[in-house]
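Contents: one structure, followed by commentary.
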Amino acid sequence: MRKKVVIAGGTGFIGNDFQARFEQLDYEVVMISRRPPHVSWDDAPGLVQSLEGADLLINLAGRSVNCRYNRTNREQILRSRTETTEALGRAALRCSRPPALWINSSTATIYRHAVDRPMTETAGEIGTGFSVEVAKAWEASFFSFQLPNTRQVALRIAIVLGPNGGVMTPYVRLARAGLGGAQGDGTQWFSWIHIEDLFRIVRFLESRTDLSGVFNASAPYPVTNREQMRLIREALGRRFALPAPRWLLEAGALLLRTETELVLKSRWVLPERLLREGFRFRFETLDAALRDILK
């Protein structure tokens, strides 16, 4: 029997990639978004019908954080995550055959700025600030639902790298323009994951019916920002690079209407649970990932 996957909020970089991969595996793919002809978030009966009998539900919904954190944007960032999660939870409760597995996005940004030691699911320390509060509320919304026939997994996803969009585009543009040097002091950690491994994690969790709870979705070998930018330059064959000190990043962020936290926060996150459960990454190192993405 053909398997069914529901991808909610799947019109972005990750969702488009996942849709294509699942279709190649001959899954029935149902998309939920605000774009026709997808199932609409405002269609409560449609949400129930979409989730009915699904093997897998993946929720990727959430407004981009690549913006200034003013009051309006903060509200939209938070509500776009918690309200969509709650809509899916209510729909699942109304299903006679709810999804067997619900994977909800979370973020590795939930951990504190870490330069002293890595953050894991068991020993990581939750941070403070707006982004952390959003992540905490997001997970709280998700785990507030008690679904006896649905396994629930929150994926704390690191920066996702891939060949068809995401954060690689601005990094490549910077390096090609000669601006691919260290950002800030360059000592902040960069936790990342190749989009292929992110998809493989989803498939791994789908197959492991004994697993639930929180998982860090990040490659096992993060690097510092200085090393990250060096590897990107090398992959592009660029030797010359100007650094970007904090004051310049702050001015640029203001001009581009974004926040410096996106590049200056030290995200040192390890996938402790995945490795313990036997998952093996195809792209363990950033060097290998960049060779694949930029080939």
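Chain labels A, B, ... are given in the sequence in which chains occur in the structure tokens; within each chain residues are numbered consecutively from 1, and ligands are likewise numbered from 1 in the order shown.
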For this session: Would you kindly return, as a ChimeraX atom specification, each protein, DNA or RNA residue with an atom no farther than 8 Å from any atom of Phe142 (chain A), considering only C-alpha atoms and excluding same-chain residues fewer than 3 positions away?
Result: /A:82,85-86,89,104,138-139,145,154
Exercise. Can you list every residue in region 55-155 of chain A that DSSP puts in helix (DSSP H, G or I), as a PyMOL selection string?
Worked result: chain A and resi 71-94+108-110+130-143
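With only C-alpha atoms as the atoms that count, the minimum distance from Phe130 (chain A) to the choices A:Glu75, A:Asp287, A:Glu206, A:Asp43 is reached by A:Glu75.
Once region 117-119 of chain A and its same-chain neighbours fewer than 6 positions away are set aside, A:Tyr111, A:Glu125, A:Trp268, A:Val269, A:Leu270 remain within 8 Å of it when counting only C-alpha atoms.
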For this session: Assign secondary structure with DSSP using the backbone only, and return the residues of region 15-56 of chain A in strand (DSSP E or B) as JSON, numbers by chain.
Result: {"A": [28, 29, 30, 31, 32, 39, 56]}
For this session: For Ile193 (chain A), list every protein, DNA or RNA residue within 8 Å, evaluated using only C-alpha atoms, and leave out those in the same chain fewer than 2 positions away; present the list as an NGL selection string.
Result: :A and (157-161 or 191 or 195 or 197-198 or 217-219 or 283)
For this session: Give the answer as one residue: which of A:Lys136, A:Arg112, A:Arg291, A:Arg208 has the shortest atom-to-atom distance to Arg267 (chain A), using only C-alpha atoms?
Result: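 Among the listed residues, A:Arg112 lies closest to Arg267 (chain A).
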Exercise. Which residue gives the smallest distance to Gly278 (chain A) among A:Gly124, A:Gln146, A:Phe204, A:Asp292, with only C-alpha atoms counted?
Worked result: A:Phe204
Problem set entry | Long-range neighbours of region 259-261 of chain A as JSON, numbers by chain, 12 Å cut-off, only C-alpha atoms, 4 positions minimum in chain | {"A": [64, 65, 66, 67, 68, 69, 70, 73, 109, 112, 113, 129, 130, 131, 132, 183, 184, 188, 244, 245, 246, 247, 248, 249, 250, 251, 252, 253, 254, 255, 265, 266, 267]}
For this session: Would you list the contacts of His38 (chain A) as a list in words, taking every protein, DNA or RNA residue within 10 Å and counting only C-alpha atoms, but skipping same-chain residues closer than 3 positions in sequence?
Result: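 Here the qualifying residues turn out to be Ala8, Gly9, Gly10, Thr11, Val30, Met31, Ile32, Ser33, Arg34, Arg35 and Trp41 of chain A.
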Write to file, as a compact mmCIF listing (two decimals), in the first residue's frame, the residues of the selection just made, with N, CA, C and O atoms.
# COMPACT_ATOMS: atom_id res chain seq x y z
N ALA A 8 3.63 20.09 6.18
CA ALA A 8 2.97 21.34 6.53
C ALA A 8 3.99 22.48 6.50
O ALA A 8 5.10 22.34 7.02
N GLY A 9 3.60 23.60 5.88
CA GLY A 9 4.53 24.71 5.75
C GLY A 9 5.70 24.35 4.85
O GLY A 9 6.83 24.75 5.11
N GLY A 10 5.42 23.60 3.80
CA GLY A 10 6.50 23.04 2.99
C GLY A 10 6.80 23.76 1.71
O GLY A 10 7.22 23.13 0.73
N THR A 11 6.60 25.08 1.65
CA THR A 11 6.84 25.80 0.40
C THR A 11 8.23 26.42 0.32
O THR A 11 8.56 27.07 -0.66
N VAL A 30 0.99 15.15 0.56
CA VAL A 30 -0.04 16.17 0.76
C VAL A 30 0.63 17.40 1.37
O VAL A 30 1.34 17.29 2.37
N MET A 31 0.40 18.56 0.78
CA MET A 31 1.03 19.79 1.23
C MET A 31 0.00 20.68 1.92
O MET A 31 -1.12 20.86 1.42
N ILE A 32 0.40 21.27 3.05
CA ILE A 32 -0.43 22.24 3.76
C ILE A 32 0.32 23.57 3.76
O ILE A 32 1.49 23.64 4.18
N SER A 33 -0.34 24.61 3.28
CA SER A 33 0.28 25.94 3.27
C SER A 33 -0.79 26.97 3.00
O SER A 33 -1.98 26.65 2.91
N ARG A 34 -0.38 28.22 2.85
CA ARG A 34 -1.32 29.29 2.50
C ARG A 34 -1.38 29.51 1.00
O ARG A 34 -2.01 30.46 0.55
N ARG A 35 -0.71 28.65 0.24
CA ARG A 35 -0.68 28.81 -1.21
C ARG A 35 -1.55 27.75 -1.88
O ARG A 35 -1.38 26.56 -1.63
N TRP A 41 -4.44 26.34 5.82
CA TRP A 41 -4.44 26.32 7.28
C TRP A 41 -5.81 26.70 7.85
O TRP A 41 -6.15 26.31 8.97
For this session: One decimal, Å: what's the distance from CA of Arg238 (chain A) over to CA of Ala175 (chain A), could you say?
Result: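 CA of Ala175 (chain A) lies at a distance of 7.0 Å from CA of Arg238 (chain A).
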Problem set entry | Who sits within 12 Å of Arg97 (chain A), only C-alpha atoms, same chain under 2 positions skipped, as a PyMOL selection string | chain A and resi 48-56+91-95+99-101+147-150
Exercise. CA of Val263 (chain A) to CA of Met168 (chain A): how many Å, to one decimal?
Worked result: 12.8 Å
For this session: Select, from A:Val29, A:Ala288, A:Val172, A:Val153, the residue with the minimum atom-to-atom distance to Val214 (chain A), counting only C-alpha atoms.
Result: A:Val153
